[in-house]
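Pasted below: target-v3.pdb, PDB, C-alpha atoms, pLDDT in the B column.
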ATOM      1  CA  MET Z   1      20.483  32.417 -26.845  1.00 76.00           C
ATOM      2  CA  ARG Z   2      21.609  30.452 -23.836  1.00 86.00           C
ATOM      3  CA  PRO Z   3      21.324  26.666 -23.785  1.00 90.00           C
ATOM      4  CA  LYS Z   4      18.361  25.357 -21.776  1.00 93.00           C
ATOM      5  CA  ILE Z   5      18.092  22.516 -19.290  1.00 96.00           C
ATOM      6  CA  TYR Z   6      14.534  21.409 -18.491  1.00 97.00           C
ATOM      7  CA  LEU Z   7      13.812  19.661 -15.203  1.00 98.00           C
ATOM      8  CA  PHE Z   8      10.867  17.326 -15.874  1.00 98.00           C
ATOM      9  CA  GLY Z   9       9.497  15.396 -12.931  1.00 98.00           C
ATOM     10  CA  ASP Z  10       7.081  15.064 -10.041  1.00 97.00           C
ATOM     11  CA  SER Z  11       6.877  16.870  -6.687  1.00 96.00           C
ATOM     12  CA  ILE Z  12      10.574  16.298  -5.962  1.00 98.00           C
ATOM     13  CA  THR Z  13      11.219  18.370  -9.069  1.00 98.00           C
ATOM     14  CA  GLU Z  14       8.404  20.863  -8.503  1.00 98.00           C
ATOM     15  CA  SER Z  15       9.799  21.717  -5.067  1.00 97.00           C
ATOM     16  CA  SER Z  16      13.374  21.900  -6.351  1.00 98.00           C
ATOM     17  CA  PHE Z  17      13.202  25.671  -6.814  1.00 97.00           C
ATOM     18  CA  THR Z  18      12.476  26.313  -3.140  1.00 95.00           C
ATOM     19  CA  TYR Z  19      15.232  27.706  -0.938  1.00 93.00           C
ATOM     20  CA  GLY Z  20      18.126  25.245  -1.011  1.00 94.00           C
ATOM     21  CA  GLY Z  21      16.406  23.093  -3.631  1.00 98.00           C
ATOM     22  CA  TRP Z  22      18.458  21.134  -6.121  1.00 98.00           C
ATOM     23  CA  GLY Z  23      16.896  22.945  -9.094  1.00 98.00           C
ATOM     24  CA  ALA Z  24      17.556  26.382  -7.621  1.00 98.00           C
ATOM     25  CA  SER Z  25      21.143  25.349  -6.906  1.00 98.00           C
ATOM     26  CA  LEU Z  26      21.475  24.144 -10.484  1.00 98.00           C
ATOM     27  CA  ALA Z  27      20.165  27.481 -11.801  1.00 97.00           C
ATOM     28  CA  HIS Z  28      22.640  29.336  -9.603  1.00 97.00           C
ATOM     29  CA  HIS Z  29      25.487  27.039 -10.651  1.00 97.00           C
ATOM     30  CA  PHE Z  30      24.835  27.677 -14.348  1.00 96.00           C
ATOM     31  CA  SER Z  31      23.977  31.376 -14.010  1.00 93.00           C
ATOM     32  CA  ARG Z  32      25.035  33.399 -17.070  1.00 92.00           C
ATOM     33  CA  THR Z  33      25.643  30.222 -19.072  1.00 94.00           C
ATOM     34  CA  VAL Z  34      22.466  28.045 -19.093  1.00 94.00           C
ATOM     35  CA  ASP Z  35      18.779  28.679 -18.379  1.00 95.00           C
ATOM     36  CA  VAL Z  36      17.400  26.037 -16.028  1.00 97.00           C
ATOM     37  CA  VAL Z  37      13.655  25.676 -16.658  1.00 96.00           C
ATOM     38  CA  LEU Z  38      11.324  24.012 -14.166  1.00 97.00           C
ATOM     39  CA  ARG Z  39       8.683  21.558 -15.339  1.00 97.00           C
ATOM     40  CA  GLY Z  40       7.774  19.794 -12.098  1.00 98.00           C
ATOM     41  CA  TYR Z  41       4.283  18.419 -11.453  1.00 97.00           C
ATOM     42  CA  SER Z  42       3.400  17.195  -7.986  1.00 94.00           C
ATOM     43  CA  GLY Z  43       1.823  13.751  -7.906  1.00 92.00           C
ATOM     44  CA  TYR Z  44       2.490  12.957 -11.572  1.00 96.00           C
ATOM     45  CA  ASN Z  45       3.664   9.604 -12.865  1.00 97.00           C
ATOM     46  CA  THR Z  46       5.173   8.665 -16.241  1.00 98.00           C
ATOM     47  CA  ARG Z  47       1.756   7.812 -17.701  1.00 97.00           C
ATOM     48  CA  TRP Z  48       0.593  11.376 -17.171  1.00 97.00           C
ATOM     49  CA  ALA Z  49       3.998  12.771 -18.152  1.00 97.00           C
ATOM     50  CA  VAL Z  50       3.785  11.146 -21.583  1.00 97.00           C
ATOM     51  CA  LYS Z  51       0.363  12.751 -22.059  1.00 96.00           C
ATOM     52  CA  VAL Z  52       1.597  16.292 -21.359  1.00 96.00           C
ATOM     53  CA  MET Z  53       5.199  16.342 -22.548  1.00 94.00           C
ATOM     54  CA  GLU Z  54       4.378  17.741 -25.993  1.00 91.00           C
ATOM     55  CA  ARG Z  55       2.821  20.780 -24.280  1.00 92.00           C
ATOM     56  CA  VAL Z  56       5.506  21.420 -21.682  1.00 93.00           C
ATOM     57  CA  LEU Z  57       8.798  20.414 -23.315  1.00 89.00           C
ATOM     58  CA  PRO Z  58       9.935  22.346 -26.372  1.00 83.00           C
ATOM     59  CA  ALA Z  59      13.298  21.641 -27.945  1.00 76.00           C
ATOM     60  CA  ALA Z  60      16.036  21.846 -25.328  1.00 80.00           C
ATOM     61  CA  ASN Z  61      19.727  21.187 -24.981  1.00 90.00           C
ATOM     62  CA  ALA Z  62      19.191  18.883 -21.997  1.00 95.00           C
ATOM     63  CA  VAL Z  63      16.281  17.359 -20.065  1.00 96.00           C
ATOM     64  CA  ALA Z  64      16.566  15.812 -16.610  1.00 98.00           C
ATOM     65  CA  VAL Z  65      13.764  13.247 -16.289  1.00 98.00           C
ATOM     66  CA  PHE Z  66      12.940  12.485 -12.644  1.00 98.00           C
ATOM     67  CA  PHE Z  67       9.894  10.220 -12.423  1.00 98.00           C
ATOM     68  CA  GLY Z  68       9.194   6.929 -10.672  1.00 97.00           C
ATOM     69  CA  ALA Z  69       8.365   7.755  -7.067  1.00 96.00           C
ATOM     70  CA  ASN Z  70       4.635   7.919  -7.856  1.00 96.00           C
ATOM     71  CA  ASP Z  71       4.693   5.117 -10.423  1.00 97.00           C
ATOM     72  CA  ALA Z  72       6.015   2.921  -7.606  1.00 97.00           C
ATOM     73  CA  CYS Z  73       2.981   3.486  -5.356  1.00 93.00           C
ATOM     74  CA  LEU Z  74       1.537   0.073  -4.596  1.00 90.00           C
ATOM     75  CA  PRO Z  75      -1.640  -0.896  -6.511  1.00 82.00           C
ATOM     76  CA  ASP Z  76      -3.420  -2.244  -3.425  1.00 77.00           C
ATOM     77  CA  ARG Z  77      -2.828   0.709  -1.112  1.00 75.00           C
ATOM     78  CA  CYS Z  78      -4.004   4.293  -0.748  1.00 64.00           C
ATOM     79  CA  GLY Z  79      -1.797   5.637  -3.550  1.00 69.00           C
ATOM     80  CA  ALA Z  80      -3.144   3.166  -6.108  1.00 79.00           C
ATOM     81  CA  PHE Z  81      -4.414   5.880  -8.482  1.00 87.00           C
ATOM     82  CA  GLN Z  82      -0.786   6.921  -9.073  1.00 91.00           C
ATOM     83  CA  HIS Z  83       0.549   3.417  -9.651  1.00 94.00           C
ATOM     84  CA  VAL Z  84       2.009   2.508 -13.054  1.00 97.00           C
ATOM     85  CA  PRO Z  85       3.041  -1.126 -13.700  1.00 97.00           C
ATOM     86  CA  LEU Z  86       6.765  -1.657 -14.019  1.00 97.00           C
ATOM     87  CA  HIS Z  87       6.696  -2.667 -17.695  1.00 98.00           C
ATOM     88  CA  GLU Z  88       4.653   0.418 -18.568  1.00 98.00           C
ATOM     89  CA  TYR Z  89       7.003   2.636 -16.553  1.00 98.00           C
ATOM     90  CA  LYS Z  90       9.896   1.429 -18.688  1.00 98.00           C
ATOM     91  CA  HIS Z  91       7.900   1.953 -21.882  1.00 98.00           C
ATOM     92  CA  ASN Z  92       6.992   5.490 -20.794  1.00 98.00           C
ATOM     93  CA  LEU Z  93      10.617   6.379 -20.091  1.00 98.00           C
ATOM     94  CA  HIS Z  94      11.464   5.179 -23.590  1.00 97.00           C
ATOM     95  CA  SER Z  95       8.672   7.409 -24.939  1.00 95.00           C
ATOM     96  CA  ILE Z  96       9.922  10.461 -23.063  1.00 94.00           C
ATOM     97  CA  ASN Z  97      13.352   9.957 -24.640  1.00 91.00           C
ATOM     98  CA  ARG Z  98      12.223  11.394 -27.979  1.00 87.00           C
ATOM     99  CA  TRP Z  99      14.809  14.062 -28.815  1.00 84.00           C
ATOM    100  CA  PRO Z 100      17.734  12.740 -30.893  1.00 85.00           C
ATOM    101  CA  ASN Z 101      19.800  15.897 -30.401  1.00 89.00           C
ATOM    102  CA  THR Z 102      19.001  16.460 -26.728  1.00 93.00           C
ATOM    103  CA  LEU Z 103      20.932  15.211 -23.726  1.00 95.00           C
ATOM    104  CA  VAL Z 104      18.417  13.248 -21.639  1.00 97.00           C
ATOM    105  CA  LEU Z 105      19.485  12.496 -18.086  1.00 98.00           C
ATOM    106  CA  LEU Z 106      17.425   9.941 -16.150  1.00 98.00           C
ATOM    107  CA  ILE Z 107      17.186  10.147 -12.361  1.00 98.00           C
ATOM    108  CA  THR Z 108      15.913   7.172 -10.389  1.00 98.00           C
ATOM    109  CA  PRO Z 109      13.376   7.539  -7.587  1.00 98.00           C
ATOM    110  CA  PRO Z 110      14.969   7.946  -4.162  1.00 98.00           C
ATOM    111  CA  PRO Z 111      14.760   5.319  -1.435  1.00 98.00           C
ATOM    112  CA  ILE Z 112      11.679   5.273   0.802  1.00 97.00           C
ATOM    113  CA  ASP Z 113      11.506   5.447   4.589  1.00 96.00           C
ATOM    114  CA  GLU Z 114       8.292   3.479   5.076  1.00 92.00           C
ATOM    115  CA  GLU Z 115       7.785   4.387   8.736  1.00 91.00           C
ATOM    116  CA  ALA Z 116       8.029   8.091   7.939  1.00 91.00           C
ATOM    117  CA  ARG Z 117       5.650   7.695   4.989  1.00 88.00           C
ATOM    118  CA  LEU Z 118       3.032   6.012   7.148  1.00 83.00           C
ATOM    119  CA  LYS Z 119       3.274   8.812   9.695  1.00 81.00           C
ATOM    120  CA  TYR Z 120       2.909  11.367   6.898  1.00 73.00           C
ATOM    121  CA  VAL Z 121      -0.187   9.696   5.473  1.00 66.00           C
ATOM    122  CA  PHE Z 122      -1.956   9.673   8.824  1.00 60.00           C
ATOM    123  CA  THR Z 123      -0.908  13.049  10.239  1.00 60.00           C
ATOM    124  CA  ILE Z 124      -0.827  15.265   7.147  1.00 55.00           C
ATOM    125  CA  LEU Z 125      -2.984  13.830   4.395  1.00 52.00           C
ATOM    126  CA  ALA Z 126      -5.737  12.604   6.691  1.00 51.00           C
ATOM    127  CA  SER Z 127      -6.745  16.210   7.303  1.00 50.00           C
ATOM    128  CA  LEU Z 128      -7.207  16.947   3.597  1.00 47.00           C
ATOM    129  CA  ILE Z 129      -9.876  16.130   1.018  1.00 42.00           C
ATOM    130  CA  HIS Z 130      -7.619  13.852  -0.976  1.00 51.00           C
ATOM    131  CA  PRO Z 131      -7.597  10.287  -2.364  1.00 49.00           C
ATOM    132  CA  TYR Z 132      -4.977   9.350   0.241  1.00 49.00           C
ATOM    133  CA  VAL Z 133      -7.503   9.905   2.994  1.00 49.00           C
ATOM    134  CA  GLU Z 134      -8.826   6.336   2.937  1.00 56.00           C
ATOM    135  CA  ASN Z 135      -6.113   4.027   4.157  1.00 55.00           C
ATOM    136  CA  PRO Z 136      -7.891   0.942   5.517  1.00 56.00           C
ATOM    137  CA  THR Z 137      -4.749  -1.202   5.372  1.00 62.00           C
ATOM    138  CA  GLY Z 138      -2.845   1.001   7.814  1.00 65.00           C
ATOM    139  CA  LEU Z 139       0.202   0.549   5.607  1.00 74.00           C
ATOM    140  CA  PRO Z 140       2.385   3.066   3.766  1.00 75.00           C
ATOM    141  CA  GLU Z 141       1.495   3.749   0.155  1.00 80.00           C
ATOM    142  CA  ARG Z 142       5.079   3.085  -0.933  1.00 88.00           C
ATOM    143  CA  THR Z 143       7.813   0.648   0.047  1.00 94.00           C
ATOM    144  CA  ASN Z 144      11.536   0.884  -0.375  1.00 96.00           C
ATOM    145  CA  GLU Z 145      11.557  -2.471  -2.140  1.00 97.00           C
ATOM    146  CA  ALA Z 146       9.123  -1.227  -4.776  1.00 97.00           C
ATOM    147  CA  ALA Z 147      11.073   2.006  -5.227  1.00 97.00           C
ATOM    148  CA  GLY Z 148      14.186  -0.103  -5.751  1.00 98.00           C
ATOM    149  CA  ALA Z 149      12.492  -2.107  -8.498  1.00 98.00           C
ATOM    150  CA  TYR Z 150      11.579   1.098 -10.340  1.00 98.00           C
ATOM    151  CA  ALA Z 151      15.072   2.478  -9.831  1.00 98.00           C
ATOM    152  CA  LYS Z 152      16.482  -0.694 -11.386  1.00 98.00           C
ATOM    153  CA  ALA Z 153      14.069  -0.350 -14.307  1.00 98.00           C
ATOM    154  CA  CYS Z 154      15.137   3.265 -14.817  1.00 98.00           C
ATOM    155  CA  ILE Z 155      18.779   2.170 -14.952  1.00 98.00           C
ATOM    156  CA  GLU Z 156      17.874  -0.548 -17.445  1.00 98.00           C
ATOM    157  CA  VAL Z 157      16.185   1.994 -19.728  1.00 98.00           C
ATOM    158  CA  ALA Z 158      19.267   4.208 -19.510  1.00 98.00           C
ATOM    159  CA  GLY Z 159      21.385   1.264 -20.634  1.00 98.00           C
ATOM    160  CA  GLU Z 160      19.009   0.362 -23.448  1.00 97.00           C
ATOM    161  CA  CYS Z 161      18.925   3.945 -24.740  1.00 96.00           C
ATOM    162  CA  GLY Z 162      22.550   4.860 -24.038  1.00 96.00           C
ATOM    163  CA  LEU Z 163      21.526   7.593 -21.591  1.00 97.00           C
ATOM    164  CA  PRO Z 164      23.289   8.850 -18.475  1.00 98.00           C
ATOM    165  CA  VAL Z 165      21.538   8.067 -15.206  1.00 98.00           C
ATOM    166  CA  VAL Z 166      21.791   9.153 -11.569  1.00 98.00           C
ATOM    167  CA  ASP Z 167      21.026   6.209  -9.284  1.00 98.00           C
ATOM    168  CA  LEU Z 168      19.697   7.987  -6.195  1.00 98.00           C
ATOM    169  CA  TRP Z 169      18.124   4.850  -4.744  1.00 98.00           C
ATOM    170  CA  THR Z 170      21.483   3.100  -4.429  1.00 98.00           C
ATOM    171  CA  LYS Z 171      23.732   6.048  -3.702  1.00 98.00           C
ATOM    172  CA  MET Z 172      21.627   7.551  -0.924  1.00 98.00           C
ATOM    173  CA  GLN Z 173      21.477   4.247   0.941  1.00 98.00           C
ATOM    174  CA  GLN Z 174      25.256   4.086   1.077  1.00 98.00           C
ATOM    175  CA  LEU Z 175      24.954   6.438   4.052  1.00 97.00           C
ATOM    176  CA  ALA Z 176      23.900   4.587   7.203  1.00 96.00           C
ATOM    177  CA  ASP Z 177      21.451   7.264   8.406  1.00 97.00           C
ATOM    178  CA  TRP Z 178      20.081   8.107   4.951  1.00 98.00           C
ATOM    179  CA  LYS Z 179      16.465   8.192   6.184  1.00 97.00           C
ATOM    180  CA  THR Z 180      17.007  11.299   8.290  1.00 96.00           C
ATOM    181  CA  ALA Z 181      20.062  12.624   6.468  1.00 98.00           C
ATOM    182  CA  TYR Z 182      18.386  13.069   3.082  1.00 98.00           C
ATOM    183  CA  LEU Z 183      14.589  12.826   3.467  1.00 97.00           C
ATOM    184  CA  SER Z 184      12.020  15.107   5.102  1.00 95.00           C
ATOM    185  CA  ASP Z 185       8.956  12.835   5.105  1.00 91.00           C
ATOM    186  CA  GLY Z 186      10.216   9.481   3.943  1.00 93.00           C
ATOM    187  CA  LEU Z 187      10.110  10.518   0.267  1.00 94.00           C
ATOM    188  CA  HIS Z 188      10.825  14.197  -0.351  1.00 96.00           C
ATOM    189  CA  LEU Z 189      14.225  15.748   0.086  1.00 98.00           C
ATOM    190  CA  ASN Z 190      15.456  17.859   2.960  1.00 97.00           C
ATOM    191  CA  GLU Z 191      18.218  20.438   2.519  1.00 97.00           C
ATOM    192  CA  THR Z 192      21.002  17.850   2.611  1.00 98.00           C
ATOM    193  CA  GLY Z 193      19.120  15.600   0.208  1.00 98.00           C
ATOM    194  CA  ASN Z 194      18.661  18.474  -2.212  1.00 98.00           C
ATOM    195  CA  ARG Z 195      22.377  19.206  -2.045  1.00 98.00           C
ATOM    196  CA  PHE Z 196      23.113  15.542  -2.726  1.00 98.00           C
ATOM    197  CA  VAL Z 197      20.908  15.498  -5.826  1.00 98.00           C
ATOM    198  CA  PHE Z 198      22.378  18.770  -7.081  1.00 98.00           C
ATOM    199  CA  GLU Z 199      25.935  17.461  -6.780  1.00 98.00           C
ATOM    200  CA  GLU Z 200      25.085  14.171  -8.478  1.00 98.00           C
ATOM    201  CA  VAL Z 201      23.333  15.928 -11.370  1.00 98.00           C
ATOM    202  CA  VAL Z 202      26.166  18.419 -11.881  1.00 98.00           C
ATOM    203  CA  MET Z 203      28.730  15.621 -11.859  1.00 97.00           C
ATOM    204  CA  LYS Z 204      26.739  13.543 -14.359  1.00 98.00           C
ATOM    205  CA  LEU Z 205      26.152  16.517 -16.684  1.00 97.00           C
ATOM    206  CA  LYS Z 206      29.876  17.236 -16.583  1.00 96.00           C
ATOM    207  CA  THR Z 207      30.703  13.713 -17.728  1.00 96.00           C
ATOM    208  CA  GLU Z 208      28.360  14.361 -20.676  1.00 96.00           C
ATOM    209  CA  GLY Z 209      30.189  17.571 -21.632  1.00 93.00           C
ATOM    210  CA  LEU Z 210      27.795  20.064 -20.077  1.00 93.00           C
ATOM    211  CA  SER Z 211      29.855  21.994 -17.542  1.00 93.00           C
ATOM    212  CA  LEU Z 212      30.914  25.526 -16.708  1.00 92.00           C
ATOM    213  CA  GLU Z 213      34.331  24.810 -18.205  1.00 91.00           C
ATOM    214  CA  ASN Z 214      32.728  24.159 -21.600  1.00 90.00           C
ATOM    215  CA  LEU Z 215      30.115  26.921 -21.613  1.00 90.00           C
ATOM    216  CA  PRO Z 216      30.704  30.535 -22.624  1.00 88.00           C
ATOM    217  CA  VAL Z 217      28.928  33.318 -20.771  1.00 89.00           C
ATOM    218  CA  ASP Z 218      26.385  35.058 -22.966  1.00 86.00           C
ATOM    219  CA  LEU Z 219      27.514  38.654 -22.357  1.00 90.00           C
ATOM    220  CA  PRO Z 220      30.811  40.303 -21.340  1.00 88.00           C
ATOM    221  CA  MET Z 221      31.893  40.006 -17.734  1.00 90.00           C
ATOM    222  CA  ILE Z 222      32.431  43.247 -15.830  1.00 91.00           C
ATOM    223  CA  SER Z 223      36.177  42.544 -15.855  1.00 92.00           C
ATOM    224  CA  GLU Z 224      36.062  42.664 -19.677  1.00 91.00           C
ATOM    225  CA  ILE Z 225      34.460  46.111 -19.826  1.00 93.00           C
ATOM    226  CA  ASP Z 226      36.838  49.032 -20.295  1.00 91.00           C
ATOM    227  CA  PRO Z 227      35.868  51.738 -17.772  1.00 94.00           C
ATOM    228  CA  ASN Z 228      37.118  54.364 -20.243  1.00 92.00           C
ATOM    229  CA  ASP Z 229      35.010  53.015 -23.117  1.00 94.00           C
ATOM    230  CA  PRO Z 230      32.320  50.729 -21.658  1.00 94.00           C
ATOM    231  CA  LEU Z 231      30.189  50.425 -24.813  1.00 94.00           C
ATOM    232  CA  LYS Z 232      33.062  48.973 -26.814  1.00 92.00           C
ATOM    233  CA  ALA Z 233      32.507  45.632 -25.077  1.00 91.00           C
ATOM    234  CA  PHE Z 234      29.047  45.377 -26.673  1.00 89.00           C
ATOM    235  CA  GLU Z 235      30.103  46.029 -30.258  1.00 88.00           C
ATOM    236  CA  GLY Z 236      30.028  43.262 -32.831  1.00 71.00           C
TER     237      GLY Z 236
END

Please go through the file and, once you have read it, give me the structure as structure tokens.
Amino acid sequence: MRPKIYLFGDSITESSFTYGGWGASLAHHFSRTVDVVLRGYSGYNTRWAVKVMERVLPAANAVAVFFGANDACLPDRCGAFQHVPLHEYKHNLHSINRWPNTLVLLITPPPIDEEARLKYVFTILASLIHPYVENPTGLPERTNEAAGAYAKACIEVAGECGLPVVDLWTKMQQLADWKTAYLSDGLHLNETGNRFVFEEVVMKLKTEGLSLENLPVDLPMISEIDPNDPLKAFEG
């Protein structure tokens, strides 16, 4: 059986198997060596993730845990029902790290373009029957400062548990025009952002020993099959 990598996260993970998505790119990268399994749940936070993880995460070789963007919704704005206090967020990440023989990779929430988020709330969500619809403050439901606090907490948990971590919040902002370069609506990734996440995840997995160089293919390559005796390659 091939090794399995589970991608466990919110909408940024759920949408990662779309065309050009970081999850789809990861599946393509590891084709014939690792099965990449999607477990993305739009809108979820770590509180809800802890409740469902026993049902959705069997034993795996690696799990990429990508939560925090929804936890970081502010408690006094229109995304309050998704908010998880910072101390609980850290506790939940500790709880998700429950497999002693599994490589757990933490991914911080990305930075937030507040102006783009406010535009999204008014122009997209206002037309839907959705809890976001009431926004009396006229303010975005997330801020980049809050996302940064949750990113820092995620990194702290990684240090406390000895886990690898991808710090998207910091690394994305190293590019001057990160808001338009990486994000589609102030939060979710565009094609370039997906490529960025894919490359960061692959690089981090490689440092942990999970790379194409270390993984055998599960069946013979066509170059290993003798055209004069093809079935010989499948013996033994």

Length of the atom CA of Z:Gly23 to atom CA of Z:Asn101 vector [Å]: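 If I compute the distance from atom CA of Z:Gly23 to atom CA of Z:Asn101, I get 22.6 Å.
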
Nearest residue to Z:Lys90 from the set Z:Ile155, Z:Leu215, Z:Leu189, Z:Val63 (distances using only C-alpha atoms):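 Nearest to Z:Lys90: Z:Ile155.
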
Report as a compact mmCIF listing (two decimals) with C-alpha atoms, in the frame of the given file all protein, DNA and RNA residues lying within 12 Å of Z:Ser25, evaluated on all atoms listed in the file, omitting residues in the same chain fewer than 5 positions from it.
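Saved file selection-v6.txt follows:
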# COMPACT_ATOMS: atom_id res chain seq x y z
CA SER Z 16 13.37 21.90 -6.35
CA PHE Z 17 13.20 25.67 -6.81
CA THR Z 18 12.48 26.31 -3.14
CA TYR Z 19 15.23 27.71 -0.94
CA GLY Z 20 18.13 25.24 -1.01
CA PHE Z 30 24.84 27.68 -14.35
CA SER Z 31 23.98 31.38 -14.01
CA VAL Z 36 17.40 26.04 -16.03
CA GLU Z 191 18.22 20.44 2.52
CA ASN Z 194 18.66 18.47 -2.21
CA ARG Z 195 22.38 19.21 -2.04
CA PHE Z 196 23.11 15.54 -2.73
CA VAL Z 197 20.91 15.50 -5.83
CA PHE Z 198 22.38 18.77 -7.08
CA GLU Z 199 25.94 17.46 -6.78
CA GLU Z 200 25.08 14.17 -8.48
CA VAL Z 201 23.33 15.93 -11.37
CA VAL Z 202 26.17 18.42 -11.88

Any idea what's packed within 10 Å of Z:Asn45, counting all atoms listed in the file, ignoring anything in its chain fewer than 4 positions away? Could you give it as an mmCIF file with C-alpha atoms, in the coordinates of the input?
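Output file result-v9.cif is given in full below:
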data_model
loop_
_atom_site.group_PDB
_atom_site.id
_atom_site.type_symbol
_atom_site.label_atom_id
_atom_site.label_comp_id
_atom_site.auth_asym_id
_atom_site.auth_seq_id
_atom_site.Cartn_x
_atom_site.Cartn_y
_atom_site.Cartn_z
ATOM 1 C CA GLY Z 9 9.497 15.396 -12.931
ATOM 2 C CA ASP Z 10 7.081 15.064 -10.041
ATOM 3 C CA TYR Z 41 4.283 18.419 -11.453
ATOM 4 C CA ALA Z 49 3.998 12.771 -18.152
ATOM 5 C CA VAL Z 50 3.785 11.146 -21.583
ATOM 6 C CA PHE Z 66 12.940 12.485 -12.644
ATOM 7 C CA PHE Z 67 9.894 10.220 -12.423
ATOM 8 C CA GLY Z 68 9.194 6.929 -10.672
ATOM 9 C CA ALA Z 69 8.365 7.755 -7.067
ATOM 10 C CA ASN Z 70 4.635 7.919 -7.856
ATOM 11 C CA ASP Z 71 4.693 5.117 -10.423
ATOM 12 C CA ALA Z 72 6.015 2.921 -7.606
ATOM 13 C CA CYS Z 73 2.981 3.486 -5.356
ATOM 14 C CA PHE Z 81 -4.414 5.880 -8.482
ATOM 15 C CA GLN Z 82 -0.786 6.921 -9.073
ATOM 16 C CA HIS Z 83 0.549 3.417 -9.651
ATOM 17 C CA VAL Z 84 2.009 2.508 -13.054
ATOM 18 C CA TYR Z 89 7.003 2.636 -16.553
ATOM 19 C CA ASN Z 92 6.992 5.490 -20.794
#

Could you tell me which residues the PyMOL selection byres ((chain Z and resi 142) around 8) grabs in this file, written as a tab-separated table (two decimals) with C-alpha atoms, in the frame of the given file?
chain	number	residue	atom	x	y	z
Z	72	ALA	CA	6.02	2.92	-7.61
Z	73	CYS	CA	2.98	3.49	-5.36
Z	74	LEU	CA	1.54	0.07	-4.60
Z	79	GLY	CA	-1.80	5.64	-3.55
Z	112	ILE	CA	11.68	5.27	0.80
Z	114	GLU	CA	8.29	3.48	5.08
Z	117	ARG	CA	5.65	7.70	4.99
Z	140	PRO	CA	2.38	3.07	3.77
Z	141	GLU	CA	1.50	3.75	0.16
Z	143	THR	CA	7.81	0.65	0.05
Z	144	ASN	CA	11.54	0.88	-0.38
Z	146	ALA	CA	9.12	-1.23	-4.78
Z	147	ALA	CA	11.07	2.01	-5.23

Distance of atom CA of Z:Leu168 from atom CA of Z:Thr180, expressed in Å to one decimal place: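 Those two atoms sit 15.1 Å apart.
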
Given the PyMOL selection byres ((chain Z and resi 116) around 10) and the file above, list the residues it selects as a compact mmCIF listing (two decimals) with C-alpha atoms, keeping the file's coordinate frame.
# COMPACT_ATOMS: atom_id res chain seq x y z
CA ILE Z 112 11.68 5.27 0.80
CA ASP Z 113 11.51 5.45 4.59
CA GLU Z 114 8.29 3.48 5.08
CA GLU Z 115 7.78 4.39 8.74
CA ARG Z 117 5.65 7.70 4.99
CA LEU Z 118 3.03 6.01 7.15
CA LYS Z 119 3.27 8.81 9.70
CA TYR Z 120 2.91 11.37 6.90
CA VAL Z 121 -0.19 9.70 5.47
CA PRO Z 140 2.38 3.07 3.77
CA LYS Z 179 16.46 8.19 6.18
CA THR Z 180 17.01 11.30 8.29
CA LEU Z 183 14.59 12.83 3.47
CA SER Z 184 12.02 15.11 5.10
CA ASP Z 185 8.96 12.84 5.11
CA GLY Z 186 10.22 9.48 3.94
CA LEU Z 187 10.11 10.52 0.27

d(atom CA of Z:Ser95, atom CA of Z:Ile5) in Å: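 The value is 18.7 Å.
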
Selection: 8 Å around Z:Leu103, all atoms listed in the file, excl. self and same-chain fewer than 6 positions, as an NGL selection string: :Z and (61-63 or 163)

Test item: residues at most 12 Å from Z:Phe234, all atoms listed in the file, excluding those fewer than 2 positions along its chain, as a CSV table (one decimal) with C-alpha atoms, keeping the file's coordinate frame:
chain,number,residue,atom,x,y,z
Z,218,ASP,CA,26.4,35.1,-23.0
Z,219,LEU,CA,27.5,38.7,-22.4
Z,220,PRO,CA,30.8,40.3,-21.3
Z,221,MET,CA,31.9,40.0,-17.7
Z,222,ILE,CA,32.4,43.2,-15.8
Z,224,GLU,CA,36.1,42.7,-19.7
Z,225,ILE,CA,34.5,46.1,-19.8
Z,226,ASP,CA,36.8,49.0,-20.3
Z,229,ASP,CA,35.0,53.0,-23.1
Z,230,PRO,CA,32.3,50.7,-21.7
Z,231,LEU,CA,30.2,50.4,-24.8
Z,232,LYS,CA,33.1,49.0,-26.8
Z,236,GLY,CA,30.0,43.3,-32.8

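With only C-alpha atoms as the atoms that count, the minimum distance from Z:Ala24 to the choices Z:Met203, Z:Leu38, Z:Ile12, Z:Ala233 is reached by Z:Leu38.
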
Option closest in space to Z:Pro164, from Z:Thr13, Z:Asn228, Z:Thr192, Z:Asn97 [counting only C-alpha atoms]: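 The shortest atom-to-atom distance to Z:Pro164 comes from Z:Asn97.
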